[in-house]
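Text of target.cif, listed as mmCIF, C-alpha atoms and all ligand atoms:
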data_my_file
#
loop_
_atom_site.group_PDB
_atom_site.id
_atom_site.type_symbol
_atom_site.label_atom_id
_atom_site.label_comp_id
_atom_site.auth_asym_id
_atom_site.auth_seq_id
_atom_site.Cartn_x
_atom_site.Cartn_y
_atom_site.Cartn_z
ATOM 1 C CA MET A 1 0.000 0.000 0.000
ATOM 2 C CA THR A 2 1.423 3.411 -0.896
ATOM 3 C CA ALA A 3 0.821 6.569 1.088
ATOM 4 C CA HIS A 4 -1.732 7.521 -1.576
ATOM 5 C CA SER A 5 -3.628 4.243 -1.521
ATOM 6 C CA PRO A 6 -7.233 4.542 -0.384
ATOM 7 C CA ILE A 7 -6.705 1.223 1.451
ATOM 8 C CA ARG A 8 -5.170 1.845 4.868
ATOM 9 C CA HIS A 9 -4.618 -1.112 7.168
ATOM 10 C CA ASN A 10 -7.195 -1.116 9.947
ATOM 11 C CA PRO A 11 -7.320 -4.196 12.203
ATOM 12 C CA ALA A 12 -10.819 -3.223 13.426
ATOM 13 C CA ALA A 13 -12.246 -2.916 9.902
ATOM 14 C CA ILE A 14 -15.546 -4.547 8.976
ATOM 15 C CA PHE A 15 -14.114 -5.068 5.486
ATOM 16 C CA PRO A 16 -10.535 -6.352 5.849
ATOM 17 C CA ASP A 17 -7.640 -5.147 3.661
ATOM 18 C CA THR A 18 -8.072 -7.963 1.130
ATOM 19 C CA ALA A 19 -11.782 -7.206 0.726
ATOM 20 C CA ARG A 20 -11.116 -3.510 0.209
ATOM 21 C CA THR A 21 -8.405 -4.269 -2.351
ATOM 22 C CA THR A 22 -10.814 -6.504 -4.280
ATOM 23 C CA PHE A 23 -13.590 -3.927 -3.995
ATOM 24 C CA ALA A 24 -11.317 -1.138 -5.248
ATOM 25 C CA ALA A 25 -10.522 -3.161 -8.376
ATOM 26 C CA ALA A 26 -14.199 -3.953 -9.066
ATOM 27 C CA TYR A 27 -16.044 -0.760 -8.139
ATOM 28 C CA PRO A 28 -18.319 0.557 -9.611
ATOM 29 C CA ASP A 29 -19.056 -1.718 -12.579
ATOM 30 C CA GLN A 30 -18.054 -5.272 -11.690
ATOM 31 C CA PRO A 31 -19.560 -7.685 -9.168
ATOM 32 C CA ALA A 32 -17.036 -9.009 -6.663
ATOM 33 C CA LYS A 33 -16.997 -11.385 -3.748
ATOM 34 C CA LEU A 34 -15.643 -9.848 -0.554
ATOM 35 C CA THR A 35 -15.334 -10.836 3.104
ATOM 36 C CA HIS A 36 -16.506 -9.067 6.250
ATOM 37 C CA ALA A 37 -16.211 -9.281 10.026
ATOM 38 C CA LEU A 38 -19.837 -8.926 11.187
ATOM 39 C CA VAL A 39 -20.710 -12.611 11.720
ATOM 40 C CA GLY A 40 -21.944 -13.048 15.294
ATOM 41 C CA HIS A 41 -22.442 -9.294 15.819
ATOM 42 C CA ASP A 42 -24.861 -8.655 18.695
ATOM 43 C CA LEU A 43 -27.139 -6.467 16.545
ATOM 44 C CA LEU A 44 -27.552 -9.175 13.890
ATOM 45 C CA CYS A 45 -28.763 -12.220 15.864
ATOM 46 C CA LEU A 46 -32.418 -13.260 15.452
ATOM 47 C CA ASP A 47 -33.436 -12.018 18.908
ATOM 48 C CA ALA A 48 -31.958 -8.554 18.308
ATOM 49 C CA LEU A 49 -33.595 -8.400 14.873
ATOM 50 C CA ALA A 50 -36.979 -9.413 16.330
ATOM 51 C CA VAL A 51 -36.708 -6.599 18.895
ATOM 52 C CA LEU A 52 -35.621 -4.149 16.180
ATOM 53 C CA ALA A 53 -38.472 -5.170 13.869
ATOM 54 C CA GLU A 54 -41.065 -4.660 16.591
ATOM 55 C CA ARG A 55 -39.903 -1.122 17.313
ATOM 56 C CA MET A 56 -39.682 -0.131 13.635
ATOM 57 C CA PRO A 57 -42.566 1.649 11.884
ATOM 58 C CA ALA A 58 -44.867 -0.890 10.189
ATOM 59 C CA SER A 59 -44.186 0.767 6.826
ATOM 60 C CA SER A 60 -40.511 -0.210 7.108
ATOM 61 C CA VAL A 61 -41.123 -3.918 7.581
ATOM 62 C CA GLU A 62 -42.424 -6.426 5.079
ATOM 63 C CA TYR A 63 -43.012 -10.012 6.098
ATOM 64 C CA ASN A 64 -44.947 -12.766 4.425
ATOM 65 C CA LEU A 65 -45.254 -16.452 3.813
ATOM 66 C CA GLY A 66 -42.140 -17.681 2.056
ATOM 67 C CA LYS A 67 -43.513 -20.104 -0.480
ATOM 68 C CA LEU A 68 -45.815 -18.017 -2.627
ATOM 69 C CA PRO A 69 -46.673 -18.808 -6.228
ATOM 70 C CA LEU A 70 -44.698 -16.821 -8.779
ATOM 71 C CA GLY A 71 -46.504 -13.736 -10.004
ATOM 72 C CA VAL A 72 -48.606 -13.034 -6.908
ATOM 73 C CA ARG A 73 -50.085 -9.522 -6.886
ATOM 74 C CA PRO A 74 -48.879 -7.341 -3.965
ATOM 75 C CA GLU A 75 -52.448 -6.824 -2.689
ATOM 76 C CA ASP A 76 -53.055 -10.595 -2.682
ATOM 77 C CA THR A 77 -50.011 -11.474 -0.547
ATOM 78 C CA PRO A 78 -51.244 -13.248 2.582
ATOM 79 C CA ALA A 79 -49.870 -12.520 6.032
ATOM 80 C CA ASN A 80 -48.651 -15.605 7.860
ATOM 81 C CA GLY A 81 -50.738 -15.321 11.013
ATOM 82 C CA LEU A 82 -47.789 -14.725 13.364
ATOM 83 C CA THR A 83 -46.663 -11.499 15.024
ATOM 84 C CA LEU A 84 -43.607 -9.930 13.517
ATOM 85 C CA GLY A 85 -41.384 -10.866 16.463
ATOM 86 C CA GLU A 86 -42.597 -14.485 16.359
ATOM 87 C CA THR A 87 -42.070 -14.599 12.606
ATOM 88 C CA ILE A 88 -38.442 -13.592 13.002
ATOM 89 C CA ARG A 89 -37.651 -15.752 16.042
ATOM 90 C CA THR A 90 -39.088 -18.857 14.337
ATOM 91 C CA ILE A 91 -38.136 -18.056 10.762
ATOM 92 C CA ASP A 92 -36.167 -21.295 10.443
ATOM 93 C CA THR A 93 -39.450 -23.256 10.533
ATOM 94 C CA ASN A 94 -42.288 -20.965 9.435
ATOM 95 C CA GLY A 95 -41.615 -20.632 5.725
ATOM 96 C CA SER A 96 -41.592 -16.833 5.809
ATOM 97 C CA TRP A 97 -39.398 -13.992 4.722
ATOM 98 C CA ALA A 98 -38.975 -10.538 6.184
ATOM 99 C CA VAL A 99 -37.269 -7.359 5.055
ATOM 100 C CA LEU A 100 -36.372 -4.653 7.539
ATOM 101 C CA LYS A 101 -35.994 -1.469 5.513
ATOM 102 C CA ASN A 102 -33.976 1.603 6.406
ATOM 103 C CA VAL A 103 -32.669 0.144 9.627
ATOM 104 C CA GLU A 104 -30.261 3.111 9.704
ATOM 105 C CA ARG A 105 -33.165 5.100 11.208
ATOM 106 C CA ASP A 106 -32.351 3.239 14.432
ATOM 107 C CA PRO A 107 -29.252 4.820 16.034
ATOM 108 C CA ALA A 108 -27.478 1.524 16.809
ATOM 109 C CA TYR A 109 -27.891 0.276 13.244
ATOM 110 C CA ALA A 110 -26.979 3.720 11.871
ATOM 111 C CA ALA A 111 -23.649 3.381 13.684
ATOM 112 C CA LEU A 112 -23.161 -0.065 12.150
ATOM 113 C CA LEU A 113 -23.877 1.270 8.635
ATOM 114 C CA ASP A 114 -21.506 4.189 9.219
ATOM 115 C CA ALA A 115 -18.746 1.845 10.371
ATOM 116 C CA ALA A 116 -19.184 -0.452 7.362
ATOM 117 C CA LEU A 117 -19.279 2.361 4.811
ATOM 118 C CA ALA A 118 -16.390 4.243 6.443
ATOM 119 C CA ASP A 119 -14.125 1.378 5.384
ATOM 120 C CA LEU A 120 -15.152 1.850 1.742
ATOM 121 C CA ASP A 121 -15.613 5.604 1.606
ATOM 122 C CA PRO A 122 -12.103 6.517 0.307
ATOM 123 C CA ILE A 123 -12.425 3.973 -2.531
ATOM 124 C CA VAL A 124 -15.916 5.114 -3.509
ATOM 125 C CA ARG A 125 -15.059 8.797 -3.231
ATOM 126 C CA ALA A 126 -12.077 8.383 -5.565
ATOM 127 C CA SER A 127 -14.251 6.669 -8.187
ATOM 128 C CA THR A 128 -17.817 8.000 -8.096
ATOM 129 C CA GLY A 129 -17.602 10.872 -5.621
ATOM 130 C CA PRO A 130 -19.195 11.089 -2.196
ATOM 131 C CA MET A 131 -21.657 8.425 -1.042
ATOM 132 C CA LEU A 132 -25.182 9.811 -1.237
ATOM 133 C CA HIS A 133 -28.419 8.569 0.350
ATOM 134 C CA ARG A 134 -26.891 5.790 2.450
ATOM 135 C CA GLU A 135 -29.336 3.080 3.527
ATOM 136 C CA ALA A 136 -29.256 -0.345 5.179
ATOM 137 C CA PHE A 137 -31.654 -3.281 4.810
ATOM 138 C CA ILE A 138 -31.813 -6.640 6.567
ATOM 139 C CA PHE A 139 -33.190 -9.668 4.730
ATOM 140 C CA LEU A 140 -34.350 -12.745 6.602
ATOM 141 C CA SER A 141 -35.470 -15.749 4.633
ATOM 142 C CA SER A 142 -36.456 -19.332 5.188
ATOM 143 C CA PRO A 143 -34.613 -22.347 3.826
ATOM 144 C CA GLY A 144 -34.986 -22.796 0.100
ATOM 145 C CA SER A 145 -36.653 -19.471 -0.677
ATOM 146 C CA ILE A 146 -35.992 -17.665 -3.941
ATOM 147 C CA THR A 147 -35.744 -13.967 -4.767
ATOM 148 C CA PRO A 148 -36.689 -13.647 -8.441
ATOM 149 C CA PHE A 149 -34.735 -11.945 -11.245
ATOM 150 C CA HIS A 150 -34.650 -8.201 -10.579
ATOM 151 C CA MET A 151 -32.440 -5.107 -10.437
ATOM 152 C CA ASP A 152 -31.931 -2.361 -7.841
ATOM 153 C CA PRO A 153 -31.060 1.319 -8.266
ATOM 154 C CA GLU A 154 -28.339 1.506 -5.597
ATOM 155 C CA HIS A 155 -24.688 0.630 -5.239
ATOM 156 C CA ASN A 156 -25.015 -2.379 -2.957
ATOM 157 C CA ILE A 157 -22.916 -4.668 -0.814
ATOM 158 C CA LEU A 158 -24.725 -7.630 0.676
ATOM 159 C CA LEU A 159 -23.091 -9.150 3.756
ATOM 160 C CA GLN A 160 -24.045 -12.751 4.558
ATOM 161 C CA ILE A 161 -24.512 -13.086 8.325
ATOM 162 C CA MET A 162 -26.267 -16.417 8.883
ATOM 163 C CA GLY A 163 -27.034 -19.352 6.581
ATOM 164 C CA THR A 164 -26.031 -19.635 2.945
ATOM 165 C CA LYS A 165 -27.322 -18.395 -0.381
ATOM 166 C CA VAL A 166 -26.230 -18.279 -3.990
ATOM 167 C CA MET A 167 -26.597 -14.943 -5.742
ATOM 168 C CA THR A 168 -26.359 -15.065 -9.521
ATOM 169 C CA VAL A 169 -25.374 -11.694 -10.969
ATOM 170 C CA PHE A 170 -25.686 -10.559 -14.579
ATOM 171 C CA PRO A 171 -23.952 -7.658 -16.346
ATOM 172 C CA ALA A 172 -25.462 -4.207 -15.922
ATOM 173 C CA HIS A 173 -26.256 -2.149 -19.018
ATOM 174 C CA ASP A 174 -26.963 -5.171 -21.265
ATOM 175 C CA GLU A 175 -30.085 -4.302 -23.224
ATOM 176 C CA ALA A 176 -30.557 -7.960 -24.176
ATOM 177 C CA LEU A 177 -31.283 -8.588 -20.489
ATOM 178 C CA VAL A 178 -32.967 -5.290 -19.623
ATOM 179 C CA PRO A 179 -34.476 -3.460 -22.612
ATOM 180 C CA ALA A 180 -34.046 0.333 -22.595
ATOM 181 C CA GLN A 181 -37.775 0.859 -22.121
ATOM 182 C CA LYS A 182 -37.751 -1.320 -18.990
ATOM 183 C CA SER A 183 -34.945 0.842 -17.568
ATOM 184 C CA GLU A 184 -36.957 3.942 -18.374
ATOM 185 C CA GLU A 185 -40.060 2.542 -16.615
ATOM 186 C CA PHE A 186 -37.941 1.433 -13.647
ATOM 187 C CA HIS A 187 -36.569 4.941 -13.091
ATOM 188 C CA GLY A 188 -40.105 6.284 -13.390
ATOM 189 C CA GLY A 189 -41.225 4.110 -10.464
ATOM 190 C CA GLY A 190 -41.781 0.817 -12.338
ATOM 191 C CA HIS A 191 -41.322 -2.575 -10.658
ATOM 192 C CA ARG A 192 -37.807 -3.895 -10.050
ATOM 193 C CA ASN A 193 -38.648 -7.438 -11.214
ATOM 194 C CA LEU A 194 -37.452 -8.350 -14.698
ATOM 195 C CA VAL A 195 -38.698 -10.761 -17.354
ATOM 196 C CA TRP A 196 -36.619 -13.954 -17.252
ATOM 197 C CA GLN A 197 -35.694 -15.961 -20.338
ATOM 198 C CA ASP A 198 -33.861 -19.297 -20.097
ATOM 199 C CA GLY A 199 -31.308 -18.093 -22.650
ATOM 200 C CA PHE A 200 -30.052 -15.552 -20.101
ATOM 201 C CA ALA A 201 -28.632 -18.237 -17.790
ATOM 202 C CA SER A 202 -25.201 -18.389 -19.442
ATOM 203 C CA HIS A 203 -24.702 -14.615 -18.930
ATOM 204 C CA GLY A 204 -24.862 -14.886 -15.146
ATOM 205 C CA THR A 205 -22.135 -15.577 -12.594
ATOM 206 C CA ALA A 206 -23.108 -17.549 -9.504
ATOM 207 C CA PHE A 207 -21.597 -16.348 -6.226
ATOM 208 C CA PRO A 208 -22.095 -18.836 -3.366
ATOM 209 C CA LEU A 209 -22.175 -16.938 -0.070
ATOM 210 C CA VAL A 210 -21.500 -18.337 3.411
ATOM 211 C CA PRO A 211 -21.417 -16.352 6.663
ATOM 212 C CA GLY A 212 -18.482 -13.964 6.457
ATOM 213 C CA ASP A 213 -18.799 -13.517 2.691
ATOM 214 C CA ALA A 214 -20.115 -10.371 1.034
ATOM 215 C CA ILE A 215 -20.854 -9.441 -2.544
ATOM 216 C CA HIS A 216 -20.667 -6.128 -4.376
ATOM 217 C CA VAL A 217 -23.635 -5.787 -6.726
ATOM 218 C CA PRO A 218 -23.256 -2.932 -9.238
ATOM 219 C CA VAL A 219 -26.129 -0.499 -9.812
ATOM 220 C CA LYS A 220 -28.864 -2.186 -11.881
ATOM 221 C CA ALA A 221 -26.899 -5.406 -12.375
ATOM 222 C CA PRO A 222 -29.749 -7.953 -12.653
ATOM 223 C CA HIS A 223 -29.617 -10.788 -10.122
ATOM 224 C CA PHE A 224 -31.573 -13.583 -8.483
ATOM 225 C CA VAL A 225 -31.005 -15.386 -5.221
ATOM 226 C CA HIS A 226 -31.445 -18.994 -4.110
ATOM 227 C CA ASN A 227 -31.460 -19.446 -0.384
ATOM 228 C CA GLY A 228 -29.607 -22.434 1.064
ATOM 229 C CA PRO A 229 -30.945 -25.155 3.369
ATOM 230 C CA ALA A 230 -30.880 -23.021 6.554
ATOM 231 C CA VAL A 231 -32.434 -19.720 7.603
ATOM 232 C CA SER A 232 -30.554 -16.838 6.031
ATOM 233 C CA VAL A 233 -29.813 -13.392 7.425
ATOM 234 C CA SER A 234 -28.156 -10.821 5.172
ATOM 235 C CA LEU A 235 -27.340 -7.161 5.722
ATOM 236 C CA SER A 236 -27.360 -4.913 2.694
ATOM 237 C CA VAL A 237 -25.499 -1.588 2.825
ATOM 238 C CA THR A 238 -26.288 0.747 -0.061
ATOM 239 C CA TRP A 239 -25.556 4.197 -1.359
ATOM 240 C CA ARG A 240 -26.153 6.327 -4.420
ATOM 241 C CA SER A 241 -23.624 8.405 -6.312
ATOM 242 C CA GLN A 242 -23.521 11.242 -8.801
ATOM 243 C CA ARG A 243 -23.201 8.509 -11.405
ATOM 244 C CA SER A 244 -26.263 6.501 -10.320
ATOM 245 C CA VAL A 245 -28.355 9.667 -9.959
ATOM 246 C CA ALA A 246 -27.257 10.857 -13.436
ATOM 247 C CA GLU A 247 -28.073 7.496 -14.979
ATOM 248 C CA GLY A 248 -31.570 7.658 -13.508
ATOM 249 C CA GLU A 249 -32.081 11.178 -14.857
ATOM 250 C CA LEU A 250 -30.935 10.207 -18.349
ATOM 251 C CA HIS A 251 -33.278 7.202 -18.478
ATOM 252 C CA SER A 252 -36.120 9.435 -17.285
ATOM 253 C CA PHE A 253 -35.168 11.941 -19.999
ATOM 254 C CA ASN A 254 -35.316 9.182 -22.612
ATOM 255 C CA ALA A 255 -38.732 8.119 -21.300
ATOM 256 C CA LEU A 256 -39.929 11.687 -21.709
ATOM 257 C CA LEU A 257 -38.544 11.891 -25.273
ATOM 258 C CA ARG A 258 -39.970 8.480 -26.194
ATOM 259 C CA ARG A 259 -43.448 9.508 -25.005
ATOM 260 C CA ARG A 260 -43.256 12.473 -27.376
ATOM 261 C CA GLY A 261 -42.066 10.384 -30.321
ATOM 262 C CA LEU A 262 -38.618 12.034 -30.224
ATOM 263 C CA PRO A 263 -35.342 10.111 -30.679
ATOM 264 C CA VAL A 264 -33.878 8.880 -27.394
ATOM 265 C CA GLY A 265 -30.230 9.479 -26.445
ATOM 266 C CA THR A 266 -27.343 7.161 -25.666
ATOM 267 C CA ILE A 267 -26.381 6.809 -22.007
ATOM 268 C CA SER A 268 -22.606 6.629 -21.721
ATOM 269 C CA VAL A 269 -20.543 4.632 -19.224
ATOM 270 C CA ALA A 270 -19.953 7.914 -17.381
ATOM 271 C CA PRO A 271 -23.456 9.452 -17.325
ATOM 272 C CA GLU A 272 -22.390 11.978 -14.678
ATOM 273 C CA ARG A 273 -20.454 13.737 -17.450
ATOM 274 C CA GLN A 274 -23.503 14.072 -19.741
ATOM 275 C CA GLY A 275 -24.281 17.471 -18.254
ATOM 276 C CA VAL A 276 -26.016 18.982 -21.278
ATOM 277 C CA ARG A 277 -28.606 16.215 -21.532
ATOM 278 C CA ARG A 278 -29.174 16.238 -17.763
ATOM 279 C CA LEU A 279 -29.716 19.999 -17.870
ATOM 280 C CA ALA A 280 -32.125 19.602 -20.792
ATOM 281 C CA TYR A 281 -34.051 17.005 -18.793
ATOM 282 C CA ARG A 282 -34.306 19.224 -15.736
ATOM 283 C CA ILE A 283 -35.488 22.176 -17.830
ATOM 284 C CA MET A 284 -38.074 20.074 -19.704
ATOM 285 C CA ARG A 285 -39.328 18.629 -16.425
ATOM 286 C CA LYS A 286 -39.562 22.062 -14.849
ATOM 287 C CA LEU A 287 -41.414 23.461 -17.836
ATOM 288 C CA ASP A 288 -43.577 20.326 -17.872
ATOM 289 C CA VAL A 289 -43.276 20.079 -21.677
HETATM 290 FE FE FE A 301 -31.598 -7.114 -5.078
#

Please rewrite the model in this file as structure tokens.
Amino acid sequence: MTAHSPIRHNPAAIFPDTARTTFAAAYPDQPAKLTHALVGHDLLCLDALAVLAERMPASSVEYNLGKLPLGVRPEDTPANGLTLGETIRTIDTNGSWAVLKNVERDPAYAALLDAALADLDPIVRASTGPMLHREAFIFLSSPGSITPFHMDPEHNILLQIMGTKVMTVFPAHDEALVPAQKSEEFHGGGHRNLVWQDGFASHGTAFPLVPGDAIHVPVKAPHFVHNGPAVSVSLSVTWRSQRSVAEGELHSFNALLRRRGLPVGTISVAPERQGVRRLAYRIMRKLDV
């Protein structure tokens, strides 16, 4: 490590030196498997998560039966008949899943997010500028559950805490996987789930994750997840950047042009530098043309 390296040795780091070196080489466009030091952390055991979930606002917690048919409508999703705390404490047997959203609103979990992202901040800052809109999510899922093919708008690192899963990640920005119009709808509030075709399988890379592993998932890199044979707990730490915000604006601009029958523009690999188009979008949106 040189004096100018963004990777400084820190024995108390959540992401050790090797993980930060790997992350620095991959960020922002490539998926990468990392390691972390949060396995067994007091805030991430099932009892602590049950207590957290019960003090969180109901709007920040989703929990449901695990084995639902594919394609269920959100309003038809059944509750599982258990309280939230019971659902989490017995998740290894009740076939459910739960997502605790924006756990950084709780001070203890905010400190955990800060500590995790502090390790990565110099690397991110050097590549895509300051971390914006930092959020943390906790996913709990029963043995064998599946998260279908989808994409997310954030820079994301998922830390496996308990149990195993295999995340299969596909390249971002491949219009064969995600057509431009789907991206435009997504940035306009459309659903994150994507249409799967069997021919896509060979484009994905499977990353098996055990406790202590983490994975960097680039912005909008499509992925699906197969849970292993035990209950799984994962912590997701996310942020946005000038680049991810710019990409969203440019897709929204294209949606606006497409609706008017105008030619859409190309979105470069560095959308944060496409200032003229972003300005045009903001002006058109302000004028409501
Ligand atoms: Fe995801």

At a cut-off of 12 Å, can you tabulate as JSON lines every residue of chain A near ligand FE 301 (chain A) together with its closest atom pair and the distance in Å to one decimal, using only C-alpha atoms and all ligand atoms and ordering rows by chain then number?
{"residue": "A:Val99", "atom": "CA", "partner": "A:FE301", "partner_atom": "FE", "distance": 11.6}
{"residue": "A:Phe137", "atom": "CA", "partner": "A:FE301", "partner_atom": "FE", "distance": 10.6}
{"residue": "A:Ile138", "atom": "CA", "partner": "A:FE301", "partner_atom": "FE", "distance": 11.7}
{"residue": "A:Phe139", "atom": "CA", "partner": "A:FE301", "partner_atom": "FE", "distance": 10.3}
{"residue": "A:Ile146", "atom": "CA", "partner": "A:FE301", "partner_atom": "FE", "distance": 11.5}
{"residue": "A:Thr147", "atom": "CA", "partner": "A:FE301", "partner_atom": "FE", "distance": 8.0}
{"residue": "A:Pro148", "atom": "CA", "partner": "A:FE301", "partner_atom": "FE", "distance": 8.9}
{"residue": "A:Phe149", "atom": "CA", "partner": "A:FE301", "partner_atom": "FE", "distance": 8.4}
{"residue": "A:His150", "atom": "CA", "partner": "A:FE301", "partner_atom": "FE", "distance": 6.4}
{"residue": "A:Met151", "atom": "CA", "partner": "A:FE301", "partner_atom": "FE", "distance": 5.8}
{"residue": "A:Asp152", "atom": "CA", "partner": "A:FE301", "partner_atom": "FE", "distance": 5.5}
{"residue": "A:Pro153", "atom": "CA", "partner": "A:FE301", "partner_atom": "FE", "distance": 9.0}
{"residue": "A:Glu154", "atom": "CA", "partner": "A:FE301", "partner_atom": "FE", "distance": 9.2}
{"residue": "A:His155", "atom": "CA", "partner": "A:FE301", "partner_atom": "FE", "distance": 10.4}
{"residue": "A:Asn156", "atom": "CA", "partner": "A:FE301", "partner_atom": "FE", "distance": 8.4}
{"residue": "A:Ile157", "atom": "CA", "partner": "A:FE301", "partner_atom": "FE", "distance": 10.0}
{"residue": "A:Leu158", "atom": "CA", "partner": "A:FE301", "partner_atom": "FE", "distance": 9.0}
{"residue": "A:Met167", "atom": "CA", "partner": "A:FE301", "partner_atom": "FE", "distance": 9.3}
{"residue": "A:Thr168", "atom": "CA", "partner": "A:FE301", "partner_atom": "FE", "distance": 10.5}
{"residue": "A:Val169", "atom": "CA", "partner": "A:FE301", "partner_atom": "FE", "distance": 9.7}
{"residue": "A:Phe170", "atom": "CA", "partner": "A:FE301", "partner_atom": "FE", "distance": 11.7}
{"residue": "A:Arg192", "atom": "CA", "partner": "A:FE301", "partner_atom": "FE", "distance": 8.6}
{"residue": "A:Asn193", "atom": "CA", "partner": "A:FE301", "partner_atom": "FE", "distance": 9.4}
{"residue": "A:Leu194", "atom": "CA", "partner": "A:FE301", "partner_atom": "FE", "distance": 11.3}
{"residue": "A:Ile215", "atom": "CA", "partner": "A:FE301", "partner_atom": "FE", "distance": 11.3}
{"residue": "A:His216", "atom": "CA", "partner": "A:FE301", "partner_atom": "FE", "distance": 11.0}
{"residue": "A:Val217", "atom": "CA", "partner": "A:FE301", "partner_atom": "FE", "distance": 8.2}
{"residue": "A:Pro218", "atom": "CA", "partner": "A:FE301", "partner_atom": "FE", "distance": 10.2}
{"residue": "A:Val219", "atom": "CA", "partner": "A:FE301", "partner_atom": "FE", "distance": 9.8}
{"residue": "A:Lys220", "atom": "CA", "partner": "A:FE301", "partner_atom": "FE", "distance": 8.8}
{"residue": "A:Ala221", "atom": "CA", "partner": "A:FE301", "partner_atom": "FE", "distance": 8.8}
{"residue": "A:Pro222", "atom": "CA", "partner": "A:FE301", "partner_atom": "FE", "distance": 7.8}
{"residue": "A:His223", "atom": "CA", "partner": "A:FE301", "partner_atom": "FE", "distance": 6.5}
{"residue": "A:Phe224", "atom": "CA", "partner": "A:FE301", "partner_atom": "FE", "distance": 7.3}
{"residue": "A:Val225", "atom": "CA", "partner": "A:FE301", "partner_atom": "FE", "distance": 8.3}
{"residue": "A:His226", "atom": "CA", "partner": "A:FE301", "partner_atom": "FE", "distance": 11.9}
{"residue": "A:Ser234", "atom": "CA", "partner": "A:FE301", "partner_atom": "FE", "distance": 11.4}
{"residue": "A:Leu235", "atom": "CA", "partner": "A:FE301", "partner_atom": "FE", "distance": 11.6}
{"residue": "A:Ser236", "atom": "CA", "partner": "A:FE301", "partner_atom": "FE", "distance": 9.1}
{"residue": "A:Val237", "atom": "CA", "partner": "A:FE301", "partner_atom": "FE", "distance": 11.4}
{"residue": "A:Thr238", "atom": "CA", "partner": "A:FE301", "partner_atom": "FE", "distance": 10.7}

Emit the selected residues as a PDB file, in the coordinates of the input, including C-alpha atoms.
ATOM      1  CA  VAL A  99     -37.269  -7.359   5.055  1.00  0.00           C
ATOM      2  CA  PHE A 137     -31.654  -3.281   4.810  1.00  0.00           C
ATOM      3  CA  ILE A 138     -31.813  -6.640   6.567  1.00  0.00           C
ATOM      4  CA  PHE A 139     -33.190  -9.668   4.730  1.00  0.00           C
ATOM      5  CA  ILE A 146     -35.992 -17.665  -3.941  1.00  0.00           C
ATOM      6  CA  THR A 147     -35.744 -13.967  -4.767  1.00  0.00           C
ATOM      7  CA  PRO A 148     -36.689 -13.647  -8.441  1.00  0.00           C
ATOM      8  CA  PHE A 149     -34.735 -11.945 -11.245  1.00  0.00           C
ATOM      9  CA  HIS A 150     -34.650  -8.201 -10.579  1.00  0.00           C
ATOM     10  CA  MET A 151     -32.440  -5.107 -10.437  1.00  0.00           C
ATOM     11  CA  ASP A 152     -31.931  -2.361  -7.841  1.00  0.00           C
ATOM     12  CA  PRO A 153     -31.060   1.319  -8.266  1.00  0.00           C
ATOM     13  CA  GLU A 154     -28.339   1.506  -5.597  1.00  0.00           C
ATOM     14  CA  HIS A 155     -24.688   0.630  -5.239  1.00  0.00           C
ATOM     15  CA  ASN A 156     -25.015  -2.379  -2.957  1.00  0.00           C
ATOM     16  CA  ILE A 157     -22.916  -4.668  -0.814  1.00  0.00           C
ATOM     17  CA  LEU A 158     -24.725  -7.630   0.676  1.00  0.00           C
ATOM     18  CA  MET A 167     -26.597 -14.943  -5.742  1.00  0.00           C
ATOM     19  CA  THR A 168     -26.359 -15.065  -9.521  1.00  0.00           C
ATOM     20  CA  VAL A 169     -25.374 -11.694 -10.969  1.00  0.00           C
ATOM     21  CA  PHE A 170     -25.686 -10.559 -14.579  1.00  0.00           C
ATOM     22  CA  ARG A 192     -37.807  -3.895 -10.050  1.00  0.00           C
ATOM     23  CA  ASN A 193     -38.648  -7.438 -11.214  1.00  0.00           C
ATOM     24  CA  LEU A 194     -37.452  -8.350 -14.698  1.00  0.00           C
ATOM     25  CA  ILE A 215     -20.854  -9.441  -2.544  1.00  0.00           C
ATOM     26  CA  HIS A 216     -20.667  -6.128  -4.376  1.00  0.00           C
ATOM     27  CA  VAL A 217     -23.635  -5.787  -6.726  1.00  0.00           C
ATOM     28  CA  PRO A 218     -23.256  -2.932  -9.238  1.00  0.00           C
ATOM     29  CA  VAL A 219     -26.129  -0.499  -9.812  1.00  0.00           C
ATOM     30  CA  LYS A 220     -28.864  -2.186 -11.881  1.00  0.00           C
ATOM     31  CA  ALA A 221     -26.899  -5.406 -12.375  1.00  0.00           C
ATOM     32  CA  PRO A 222     -29.749  -7.953 -12.653  1.00  0.00           C
ATOM     33  CA  HIS A 223     -29.617 -10.788 -10.122  1.00  0.00           C
ATOM     34  CA  PHE A 224     -31.573 -13.583  -8.483  1.00  0.00           C
ATOM     35  CA  VAL A 225     -31.005 -15.386  -5.221  1.00  0.00           C
ATOM     36  CA  HIS A 226     -31.445 -18.994  -4.110  1.00  0.00           C
ATOM     37  CA  SER A 234     -28.156 -10.821   5.172  1.00  0.00           C
ATOM     38  CA  LEU A 235     -27.340  -7.161   5.722  1.00  0.00           C
ATOM     39  CA  SER A 236     -27.360  -4.913   2.694  1.00  0.00           C
ATOM     40  CA  VAL A 237     -25.499  -1.588   2.825  1.00  0.00           C
ATOM     41  CA  THR A 238     -26.288   0.747  -0.061  1.00  0.00           C
TER      42      THR A 238
END

**Study point:** Separation of CA of Gly228 in chain A from CA of Phe207 in chain A in Å
**Key:**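 We find that CA of Phe207 in chain A and CA of Gly228 in chain A lie 12.4 Å from each other.
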
Practice item. Carefully work through the PyMOL selection byres (((chain A and resi 127) around 12) and not hetatm) for this structure and note down the residues it includes, as a list in words. Key: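 Expected selection for the PyMOL selection byres (((chain A and resi 127) around 12) and not hetatm) here is Pro6, Phe23, Ala24, Ala25, Ala26, Tyr27, Pro28, Asp29, Leu120, Asp121, Pro122, Ile123, Val124, Arg125, Ala126, Thr128, Gly129, Pro130, Met131, Ser241, Gln242, Arg243, Ala270 and Glu272 of chain A.
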